[in-house]
>>> print(open('run_29.txt').read())   # compact mmCIF, C-alpha atoms
# COMPACT_ATOMS: atom_id res chain seq x y z
CA MET N 1 0.00 0.00 0.00
CA CYS N 2 1.01 3.61 -0.46
CA GLY N 3 0.97 6.50 1.95
CA GLN N 4 1.40 10.09 0.77
CA ILE N 5 2.01 13.08 3.01
CA ASN N 6 2.30 16.66 1.81
CA CYS N 7 2.93 19.14 4.64
CA TYR N 8 3.19 22.93 4.60
CA PHE N 9 4.37 24.58 7.81
CA LYS N 10 6.01 27.96 8.44
CA GLY N 11 7.31 28.31 4.91
CA TRP N 12 8.71 24.83 4.45
CA PHE N 13 7.43 21.92 2.44
CA HIS N 14 7.63 18.24 3.16
CA MET N 15 6.67 15.61 0.56
CA TRP N 16 6.71 11.94 1.50
CA TYR N 17 5.60 8.98 -0.59
CA SER N 18 5.84 5.66 1.24
CA TYR N 19 4.92 2.17 0.08
CA TYR N 20 4.40 -0.46 2.77
CA ARG N 21 4.48 -4.24 2.62
CA VAL N 22 2.19 -4.33 5.66
CA PRO N 23 -0.26 -1.42 5.23
CA GLU N 24 -1.20 -1.34 8.90
CA ASP N 25 2.44 -0.86 9.99
CA THR N 26 3.86 2.54 8.99
CA LYS N 27 7.38 1.49 9.99
CA ASN N 28 7.54 -2.00 8.48
CA ASN N 29 10.67 -2.56 10.54
CA PHE N 30 11.11 -6.31 10.81
CA LEU N 31 13.32 -9.24 9.91
CA ASN N 32 12.29 -12.18 7.78
CA ASN N 33 14.85 -14.98 7.55
CA GLU N 34 12.44 -17.39 5.86
CA VAL N 35 12.82 -15.83 2.39
CA PRO N 36 15.96 -14.95 0.37
CA LEU N 37 15.10 -11.30 -0.18
CA GLN N 38 12.14 -9.19 0.85
CA LEU N 39 11.33 -5.52 0.43
CA ASN N 40 9.69 -4.17 3.59
CA CYS N 41 8.95 -0.62 2.44
CA THR N 42 10.20 2.02 0.05
CA GLY N 43 9.52 5.57 -0.99
CA VAL N 44 10.85 9.09 -1.56
CA GLN N 45 11.07 12.15 0.71
CA GLU N 46 11.65 15.80 -0.12
CA PHE N 47 12.34 18.59 2.37
CA THR N 48 12.84 22.31 1.92
CA HIS N 49 13.98 22.78 5.50
CA ARG N 50 16.66 21.32 7.72
CA LEU N 51 15.79 17.95 9.17
CA ALA N 52 17.45 15.62 11.68
CA ALA N 53 16.42 11.98 11.91
CA SER N 54 17.65 8.98 13.87
CA ALA N 55 16.62 5.35 14.22
CA VAL N 56 17.68 1.75 14.70
CA ARG N 57 16.36 -0.55 11.99
CA LYS N 58 16.01 -4.32 12.26
CA ASP N 59 16.40 -4.52 8.48
CA TYR N 60 18.80 -2.99 5.93
CA TYR N 61 18.17 0.63 4.96
CA LEU N 62 19.27 1.81 1.51
CA PHE N 63 19.41 5.61 1.43
CA TYR N 64 19.99 7.30 -1.93
CA LEU N 65 20.46 11.10 -1.92
CA HIS N 66 19.05 12.33 -5.20
CA ASN N 67 19.50 16.00 -4.35
CA GLY N 68 20.98 18.02 -1.50
CA GLU N 69 23.54 17.57 1.25
CA VAL N 70 23.36 15.33 4.32
CA LEU N 71 25.68 14.88 7.29
CA LEU N 72 25.78 11.48 8.98
CA GLN N 73 26.36 11.26 12.68
CA MET N 74 27.33 7.70 13.46
CA PRO N 75 30.57 5.91 14.43
CA GLY N 76 32.67 4.03 11.89
CA VAL N 77 31.74 6.05 8.80
CA GLU N 78 34.89 7.33 7.09
CA ASN N 79 33.18 10.02 5.03
CA PRO N 80 30.05 11.24 6.84
CA TYR N 81 29.30 13.95 4.25
CA MET N 82 26.82 13.01 1.52
CA THR N 83 26.14 15.08 -1.59
CA THR N 84 23.86 14.66 -4.61
CA GLY N 85 24.31 11.18 -6.09
CA SER N 86 25.58 9.61 -2.85
CA LEU N 87 24.27 6.39 -1.40
CA ILE N 88 24.63 4.39 1.79
CA VAL N 89 23.18 1.10 3.04
CA PHE N 90 22.80 1.22 6.81
CA GLU N 91 23.60 -2.04 8.56
CA LYS N 92 20.68 -3.71 10.31
CA ASN N 93 20.43 -3.13 14.07
CA CYS N 94 22.90 -0.23 13.80
CA PRO N 95 21.93 3.13 15.33
CA PHE N 96 22.22 5.98 12.82
CA ARG N 97 21.49 9.67 12.67
CA TYR N 98 21.56 12.12 9.78
CA CYS N 99 20.72 15.77 9.26
CA THR N 100 20.19 17.76 6.09
CA LEU N 101 22.40 20.79 5.47
CA TYR N 102 21.86 24.25 3.98
CA SER N 103 21.06 23.33 0.39
CA PRO N 104 17.31 22.79 0.04
CA PRO N 105 15.47 21.05 -1.33
CA THR N 106 16.79 17.71 -0.13
CA THR N 107 15.36 14.64 -1.85
CA HIS N 108 16.18 11.07 -1.00
CA TYR N 109 14.87 7.68 -2.08
CA PHE N 110 14.87 4.75 0.31
CA ALA N 111 14.32 1.02 0.52
CA HIS N 112 14.18 -1.15 3.63
CA PHE N 113 14.81 -4.82 2.98
CA THR N 114 15.49 -8.11 4.73
CA GLY N 115 15.96 -11.83 3.97
CA TYR N 116 18.50 -14.54 4.72
CA ALA N 117 20.35 -13.85 1.42
CA ALA N 118 20.44 -10.05 1.77
CA LYS N 119 23.93 -9.97 3.29
CA ASP N 120 25.40 -12.24 0.60
CA ILE N 121 23.70 -10.26 -2.17
CA LEU N 122 25.20 -7.02 -0.88
CA HIS N 123 28.60 -8.71 -0.68
CA GLN N 124 28.36 -10.06 -4.24
CA ALA N 125 27.32 -6.61 -5.47
CA GLY N 126 30.37 -5.09 -3.79
CA ILE N 127 28.26 -2.93 -1.49
CA HIS N 128 29.60 -2.48 2.04
CA THR N 129 27.15 -1.37 4.69
CA ASN N 130 27.69 1.92 6.57
CA THR N 131 29.83 3.17 3.67
CA VAL N 132 29.08 6.29 1.66
CA TYR N 133 29.41 5.83 -2.11
CA LYS N 134 29.40 8.53 -4.75
CA LEU N 135 27.68 6.73 -7.60
CA HIS N 136 29.25 6.83 -11.03
CA SER N 137 25.92 6.74 -12.86
CA PRO N 138 23.12 7.88 -10.53
CA GLU N 139 20.78 8.23 -13.50
CA SER N 140 20.53 4.42 -13.58
CA ILE N 141 19.07 4.33 -10.06
CA LEU N 142 15.79 6.26 -10.36
CA PRO N 143 14.18 3.94 -12.96
CA LYS N 144 14.77 1.04 -10.56
CA PHE N 145 12.92 2.87 -7.80
CA THR N 146 10.10 3.73 -10.21
CA ALA N 147 9.72 0.05 -11.07
CA ILE N 148 9.59 -0.81 -7.37
CA PHE N 149 6.93 1.83 -6.74
CA ASP N 150 4.84 0.47 -9.62
CA THR N 151 5.05 -3.00 -8.09
CA PHE N 152 3.57 -1.72 -4.82
CA LEU N 153 0.81 0.10 -6.68
CA LEU N 154 -0.12 -3.01 -8.69
CA ARG N 155 0.27 -5.37 -5.71
CA ASP N 156 -1.10 -8.46 -7.44
CA GLU N 157 -0.62 -12.13 -6.61
CA LEU N 158 3.01 -11.93 -7.84
CA PHE N 159 3.85 -9.03 -5.54
CA ASP N 160 6.40 -10.87 -3.38
CA LEU N 161 8.31 -12.20 -6.37
CA ASP N 162 8.00 -8.97 -8.35
CA SER N 163 9.15 -6.68 -5.54
CA ALA N 164 12.13 -8.93 -4.74
CA HIS N 165 13.03 -9.00 -8.44
CA HIS N 166 13.03 -5.20 -8.76
CA LEU N 167 14.93 -4.83 -5.48
CA MET N 168 17.59 -7.16 -6.87
CA GLU N 169 17.77 -5.03 -10.03
CA LEU N 170 18.25 -1.94 -7.86
CA LEU N 171 21.09 -3.57 -5.89
CA VAL N 172 22.76 -4.74 -9.11
CA ALA N 173 22.53 -1.21 -10.55
CA VAL N 174 24.05 0.22 -7.36
CA GLY N 175 26.77 -2.42 -7.35
CA ARG N 176 27.68 -1.76 -10.97
CA SER N 177 27.79 1.98 -10.37
CA VAL N 178 29.98 1.48 -7.29
CA MET N 179 32.30 -0.79 -9.27
CA ASN N 180 32.63 1.73 -12.10
CA SER N 181 33.26 4.56 -9.64
CA GLN N 182 36.13 2.67 -8.05
CA MET N 183 37.84 1.70 -11.29
CA SER N 184 41.10 3.32 -12.31
CA GLY N 185 41.14 5.38 -15.50
CA PHE N 186 42.40 2.37 -17.48
CA HIS N 187 39.66 0.11 -16.12
CA LYS N 188 36.95 2.66 -16.76
CA LYS N 189 37.71 2.44 -20.45
CA GLY N 190 36.94 -1.27 -20.16
CA ARG N 191 33.27 -0.31 -19.94
CA ASP N 192 33.58 0.67 -23.58
CA LEU N 193 33.83 -3.00 -24.51
CA GLN N 194 30.10 -3.41 -23.99
CA GLN N 195 29.15 -2.85 -27.63
CA SER N 196 31.75 -5.25 -29.02
CA LEU N 197 30.99 -7.89 -26.39
CA GLY N 198 27.32 -7.72 -27.32
CA PHE N 199 28.28 -8.09 -30.97
CA LEU N 200 30.43 -11.12 -30.17
CA HIS N 201 27.64 -12.88 -28.33
CA THR N 202 25.13 -12.39 -31.14
CA ASN N 203 27.44 -12.94 -34.12
CA PHE N 204 30.10 -15.40 -32.95
CA THR N 205 29.17 -17.95 -35.63
CA LYS N 206 30.18 -15.44 -38.31
CA PRO N 207 33.69 -14.37 -39.35
CA ILE N 208 34.86 -11.69 -36.89
CA THR N 209 38.17 -9.83 -36.79
CA VAL N 210 39.74 -7.93 -33.92
CA LYS N 211 39.79 -4.86 -36.15
CA GLN N 212 36.00 -5.03 -36.46
CA LEU N 213 35.64 -5.14 -32.69
CA ALA N 214 38.20 -2.38 -32.13
CA ASP N 215 36.45 -0.14 -34.67
CA MET N 216 33.17 -0.53 -32.76
CA GLU N 217 34.84 0.93 -29.68
CA PHE N 218 36.83 3.56 -31.66
CA MET N 219 40.16 2.10 -30.55
CA SER N 220 43.31 0.86 -32.20
CA GLU N 221 43.69 -2.92 -32.37
CA SER N 222 46.56 -2.91 -29.89
CA ARG N 223 44.63 -0.79 -27.39
CA TYR N 224 41.53 -2.94 -27.79
CA ARG N 225 43.51 -6.15 -27.24
CA ALA N 226 45.03 -4.73 -24.06
CA LEU N 227 41.72 -3.54 -22.67
CA PHE N 228 39.98 -6.77 -23.57
CA HIS N 229 42.61 -8.90 -21.85
CA GLU N 230 42.53 -6.66 -18.80
CA LYS N 231 38.76 -6.96 -18.47
CA MET N 232 38.14 -10.55 -19.63
CA ASN N 233 41.46 -12.20 -18.69
CA GLN N 234 41.81 -13.60 -22.20
CA SER N 235 42.32 -12.37 -25.73
CA PRO N 236 39.42 -11.54 -28.09
CA GLN N 237 40.31 -14.61 -30.17
CA GLU N 238 40.25 -16.87 -27.11
CA TYR N 239 36.90 -15.44 -26.07
CA LEU N 240 35.49 -16.07 -29.55
CA ILE N 241 36.74 -19.65 -29.54
CA ARG N 242 35.18 -20.24 -26.11
CA LEU N 243 31.77 -19.03 -27.37
CA ARG N 244 31.98 -21.27 -30.43
CA MET N 245 33.15 -24.33 -28.50
CA SER N 246 30.40 -23.90 -25.94
CA MET N 247 27.82 -24.00 -28.72
CA ALA N 248 29.60 -26.95 -30.34
CA CYS N 249 29.40 -28.95 -27.10
CA ASP N 250 25.69 -28.23 -26.88
CA LEU N 251 25.12 -29.34 -30.48
CA LEU N 252 27.21 -32.49 -30.01
CA SER N 253 25.22 -33.46 -26.93
CA ASN N 254 21.71 -32.54 -28.06
CA THR N 255 21.50 -32.90 -31.85
CA ILE N 256 22.18 -35.48 -34.53
CA LEU N 257 24.04 -32.99 -36.72
CA SER N 258 27.25 -34.34 -38.20
CA ILE N 259 30.56 -33.01 -36.92
CA SER N 260 31.05 -31.29 -40.26
CA GLU N 261 27.66 -29.59 -39.95
CA ILE N 262 28.41 -28.54 -36.37
CA ALA N 263 31.76 -27.10 -37.43
CA GLN N 264 30.01 -25.06 -40.13
CA THR N 265 27.27 -23.96 -37.72
CA VAL N 266 29.65 -22.55 -35.10
CA GLY N 267 31.80 -20.73 -37.64
CA TYR N 268 34.46 -23.16 -38.91
CA PRO N 269 34.07 -24.19 -42.58
CA ASP N 270 37.17 -26.40 -42.22
CA GLN N 271 36.18 -29.45 -40.16
CA ARG N 272 39.81 -30.50 -39.56
CA TYR N 273 40.66 -27.10 -38.15
CA PHE N 274 37.58 -27.23 -35.93
CA THR N 275 38.57 -30.69 -34.67
CA ARG N 276 42.09 -29.52 -33.83
CA LEU N 277 40.75 -26.52 -31.89
CA PHE N 278 38.23 -28.68 -30.08
CA HIS N 279 40.87 -31.26 -29.07
CA LYS N 280 43.23 -28.51 -27.93
CA LYS N 281 40.59 -27.02 -25.67
CA PHE N 282 39.03 -30.19 -24.22
CA ASN N 283 41.78 -32.78 -24.78
CA ILE N 284 39.21 -34.94 -26.53
CA SER N 285 37.88 -35.13 -30.07
CA PRO N 286 34.35 -33.99 -31.00
CA LYS N 287 33.46 -37.60 -31.80
CA GLU N 288 34.67 -38.83 -28.41
CA TYR N 289 32.86 -35.98 -26.67
CA ARG N 290 29.59 -37.00 -28.34
CA LYS N 291 30.04 -40.63 -27.29
CA LYS N 292 30.64 -39.62 -23.67
CA SER N 293 27.59 -37.38 -23.63
CA GLU N 294 25.41 -40.26 -24.86
CA LYS N 295 26.21 -42.42 -21.82
>>> encode(input="run_29.txt", output="structure tokens")
Amino acid sequence: MCGQINCYFKGWFHMWYSYYRVPEDTKNNFLNNEVPLQLNCTGVQEFTHRLAASAVRKDYYLFYLHNGEVLLQMPGVENPYMTTGSLIVFEKNCPFRYCTLYSPPTTHYFAHFTGYAAKDILHQAGIHTNTVYKLHSPESILPKFTAIFDTFLLRDELFDLDSAHHLMELLVAVGRSVMNSQMSGFHKKGRDLQQSLGFLHTNFTKPITVKQLADMEFMSESRYRALFHEKMNQSPQEYLIRLRMSMACDLLSNTILSISEIAQTVGYPDQRYFTRLFHKKFNISPKEYRKKSEK
């Protein structure tokens, strides 16, 4: 359910949209260790005046500062000063306090969540609790919150699954932004491989040259090779071979296509060359691989 509060008092404005898992509980502050991931409540607040708030949550509290300045007052936080585009996930059962500074309006989005897998998910996403992050791409965050809000408004029979799904998407977006923010200048350029990687995955059965891939990213071949190896821990040619061999294994195991036909399908007109590559990678011939998969 959704709660909306718009307050006008002595020249200041307070806007608060909140979406609750349990409509009767305006705090929705609880643990649930029986599910992997659960969104307790979410919403957005905007203030045009200074505000101080403090609490102790039983669940995790994701606080994203979309606009303004906030000062945290809690032990163990290295950088207690938050500016536009900053984010923190408060640890569960940890007392916290924050106050807005002199730059109204202050707008922040929030999500309170729980679940037995929440800690591991944060760890896998590279998000440390009680740590302020300046997000590299904050524009990727708001659409995730919008999707979460829509889930609470719809609130159909798939609500639990849908809300957990969109919360996971939010945490992944935060994790990716944190990762990109922490990269060195050389690693940041590795993000530019996205277009060529997408091309590889959709066209790997066709003839592909490193020059083609480098041109997509507006790089020289040597620079592209270096960046690719740094990001993927292998050369572009090795990556292409891995994609083709993975498909070849699937075709050998699940179709009656001949080895010659499979070689052609995955991008190798020369069956003997395909067989040599396959044996080099798996230390077994395609024919032997098919026999083993039939057992």
>>> atom_distance(input="run_29.txt", atom1="CA of Leu101 (chain N)", atom2="CA of Val178 (chain N)")
24.4 Å
>>> residues_around(input="run_29.txt", residues="Tyr61 (chain N)", least_positions_apart="5", cutoff="9 Å", atoms="all atoms listed in the file", output="NGL selection string")
:N and (88-92 or 110-113)
>>> write_last_selection(input="run_29.txt", atoms="C-alpha atoms", output="mmCIF file, keeping the file's coordinate frame")
data_model
loop_
_atom_site.group_PDB
_atom_site.id
_atom_site.type_symbol
_atom_site.label_atom_id
_atom_site.label_comp_id
_atom_site.auth_asym_id
_atom_site.auth_seq_id
_atom_site.Cartn_x
_atom_site.Cartn_y
_atom_site.Cartn_z
ATOM 1 C CA ILE N 88 24.630 4.390 1.790
ATOM 2 C CA VAL N 89 23.180 1.100 3.040
ATOM 3 C CA PHE N 90 22.800 1.220 6.810
ATOM 4 C CA GLU N 91 23.600 -2.040 8.560
ATOM 5 C CA LYS N 92 20.680 -3.710 10.310
ATOM 6 C CA PHE N 110 14.870 4.750 0.310
ATOM 7 C CA ALA N 111 14.320 1.020 0.520
ATOM 8 C CA HIS N 112 14.180 -1.150 3.630
ATOM 9 C CA PHE N 113 14.810 -4.820 2.980
#
>>> closest_residue(input="run_29.txt", among="N:Thr255, N:Thr100, N:Thr146, N:Asn203", to="Arg50 (chain N)", atoms="all atoms listed in the file")
N:Thr100
>>> residues_around(input="run_29.txt", residues="Gln264 (chain N)", least_positions_apart="3", cutoff="12 Å", atoms="all atoms listed in the file", output="PDB file with C-alpha atoms, in the coordinates of the input")
ATOM      1  CA  THR N 205      29.170 -17.950 -35.630  1.00  0.00           C
ATOM      2  CA  LYS N 206      30.180 -15.440 -38.310  1.00  0.00           C
ATOM      3  CA  PRO N 207      33.690 -14.370 -39.350  1.00  0.00           C
ATOM      4  CA  ARG N 244      31.980 -21.270 -30.430  1.00  0.00           C
ATOM      5  CA  MET N 247      27.820 -24.000 -28.720  1.00  0.00           C
ATOM      6  CA  ALA N 248      29.600 -26.950 -30.340  1.00  0.00           C
ATOM      7  CA  LEU N 251      25.120 -29.340 -30.480  1.00  0.00           C
ATOM      8  CA  LEU N 257      24.040 -32.990 -36.720  1.00  0.00           C
ATOM      9  CA  SER N 258      27.250 -34.340 -38.200  1.00  0.00           C
ATOM     10  CA  ILE N 259      30.560 -33.010 -36.920  1.00  0.00           C
ATOM     11  CA  SER N 260      31.050 -31.290 -40.260  1.00  0.00           C
ATOM     12  CA  GLU N 261      27.660 -29.590 -39.950  1.00  0.00           C
ATOM     13  CA  GLY N 267      31.800 -20.730 -37.640  1.00  0.00           C
ATOM     14  CA  TYR N 268      34.460 -23.160 -38.910  1.00  0.00           C
ATOM     15  CA  PRO N 269      34.070 -24.190 -42.580  1.00  0.00           C
ATOM     16  CA  ASP N 270      37.170 -26.400 -42.220  1.00  0.00           C
ATOM     17  CA  GLN N 271      36.180 -29.450 -40.160  1.00  0.00           C
ATOM     18  CA  ARG N 272      39.810 -30.500 -39.560  1.00  0.00           C
ATOM     19  CA  TYR N 273      40.660 -27.100 -38.150  1.00  0.00           C
ATOM     20  CA  PHE N 274      37.580 -27.230 -35.930  1.00  0.00           C
ATOM     21  CA  THR N 275      38.570 -30.690 -34.670  1.00  0.00           C
TER      22      THR N 275
END
>>> closest_residue(input="run_29.txt", among="N:Met168, N:Asp215, N:Asn33, N:Pro80", to="Ala125 (chain N)", atoms="all atoms listed in the file")
N:Met168
>>> closest_residue(input="run_29.txt", among="N:Phe199, N:Phe218, N:Phe47, N:Phe204", to="Thr106 (chain N)", atoms="only C-alpha atoms")
N:Phe47
>>> closest_atom_pairs(input="run_29.txt", of="region 136-229 of chain N", to="region 235-242 of chain N", cutoff="9 Å", atoms="all atoms listed in the file", output="Markdown table")
| residue | atom | partner | partner_atom | distance |
| --- | --- | --- | --- | --- |
| N:Leu200 | CA | N:Leu240 | CA | 7.1 |
| N:His201 | CA | N:Leu240 | CA | 8.6 |
| N:Phe204 | CA | N:Leu240 | CA | 6.4 |
| N:Thr205 | CA | N:Leu240 | CA | 9.0 |
| N:Ile208 | CA | N:Leu240 | CA | 8.6 |
| N:Thr209 | CA | N:Gln237 | CA | 8.4 |
| N:Val210 | CA | N:Pro236 | CA | 6.9 |
| N:Leu213 | CA | N:Pro236 | CA | 8.7 |
| N:Tyr224 | CA | N:Pro236 | CA | 8.9 |
| N:Arg225 | CA | N:Ser235 | CA | 6.5 |
| N:Ala226 | CA | N:Ser235 | CA | 8.3 |
| N:Phe228 | CA | N:Ser235 | CA | 6.4 |
| N:His229 | CA | N:Ser235 | CA | 5.2 |
>>> closest_residue(input="run_29.txt", among="N:Val56, N:Leu170, N:Met232, N:Leu227", to="Ile148 (chain N)", atoms="all atoms listed in the file")
N:Leu170
>>> closest_residue(input="run_29.txt", among="N:Ser196, N:Ser285, N:Ser54, N:Thr131", to="Gln73 (chain N)", atoms="all atoms listed in the file")
N:Ser54
>>> atom_distance(input="run_29.txt", atom1="CA of Lys119 (chain N)", atom2="CA of Leu37 (chain N)")
9.6 Å
>>> atom_distance(input="run_29.txt", atom1="CA of Ser253 (chain N)", atom2="CA of Lys280 (chain N)")
18.7 Å
>>> closest_residue(input="run_29.txt", among="N:His66, N:Arg155, N:Arg176, N:His165", to="Thr107 (chain N)", atoms="all atoms listed in the file")
N:His66
>>> build_atoms(input="run_29.txt", residues="region 110-121 of chain N", atoms="N, CA and C atoms", output="PDB file, keeping the file's coordinate frame")
ATOM      1  N   PHE N 110      14.466   5.739  -0.678  1.00  0.00           N
ATOM      2  CA  PHE N 110      14.870   4.750   0.310  1.00  0.00           C
ATOM      3  C   PHE N 110      14.213   3.404   0.051  1.00  0.00           C
ATOM      4  N   ALA N 111      14.863   2.376   0.587  1.00  0.00           N
ATOM      5  CA  ALA N 111      14.320   1.020   0.520  1.00  0.00           C
ATOM      6  C   ALA N 111      14.799   0.262   1.754  1.00  0.00           C
ATOM      7  N   HIS N 112      13.859  -0.321   2.474  1.00  0.00           N
ATOM      8  CA  HIS N 112      14.180  -1.150   3.630  1.00  0.00           C
ATOM      9  C   HIS N 112      13.951  -2.603   3.226  1.00  0.00           C
ATOM     10  N   PHE N 113      14.948  -3.438   3.440  1.00  0.00           N
ATOM     11  CA  PHE N 113      14.810  -4.820   2.980  1.00  0.00           C
ATOM     12  C   PHE N 113      15.431  -5.796   3.969  1.00  0.00           C
ATOM     13  N   THR N 114      15.041  -7.057   3.837  1.00  0.00           N
ATOM     14  CA  THR N 114      15.490  -8.110   4.730  1.00  0.00           C
ATOM     15  C   THR N 114      15.582  -9.414   3.944  1.00  0.00           C
ATOM     16  N   GLY N 115      15.828 -10.532   4.625  1.00  0.00           N
ATOM     17  CA  GLY N 115      15.960 -11.830   3.970  1.00  0.00           C
ATOM     18  C   GLY N 115      17.278 -12.495   4.309  1.00  0.00           C
ATOM     19  N   TYR N 116      17.282 -13.834   4.313  1.00  0.00           N
ATOM     20  CA  TYR N 116      18.500 -14.540   4.720  1.00  0.00           C
ATOM     21  C   TYR N 116      19.632 -14.394   3.698  1.00  0.00           C
ATOM     22  N   ALA N 117      19.313 -14.014   2.449  1.00  0.00           N
ATOM     23  CA  ALA N 117      20.350 -13.850   1.420  1.00  0.00           C
ATOM     24  C   ALA N 117      20.780 -12.398   1.245  1.00  0.00           C
ATOM     25  N   ALA N 118      20.169 -11.480   1.988  1.00  0.00           N
ATOM     26  CA  ALA N 118      20.440 -10.050   1.770  1.00  0.00           C
ATOM     27  C   ALA N 118      21.919  -9.726   1.964  1.00  0.00           C
ATOM     28  N   LYS N 119      22.525 -10.257   3.012  1.00  0.00           N
ATOM     29  CA  LYS N 119      23.930  -9.970   3.290  1.00  0.00           C
ATOM     30  C   LYS N 119      24.823 -10.458   2.153  1.00  0.00           C
ATOM     31  N   ASP N 120      24.585 -11.690   1.688  1.00  0.00           N
ATOM     32  CA  ASP N 120      25.400 -12.240   0.600  1.00  0.00           C
ATOM     33  C   ASP N 120      25.195 -11.463  -0.697  1.00  0.00           C
ATOM     34  N   ILE N 121      23.972 -11.027  -0.952  1.00  0.00           N
ATOM     35  CA  ILE N 121      23.700 -10.260  -2.170  1.00  0.00           C
ATOM     36  C   ILE N 121      24.454  -8.936  -2.138  1.00  0.00           C
TER      37      ILE N 121
END
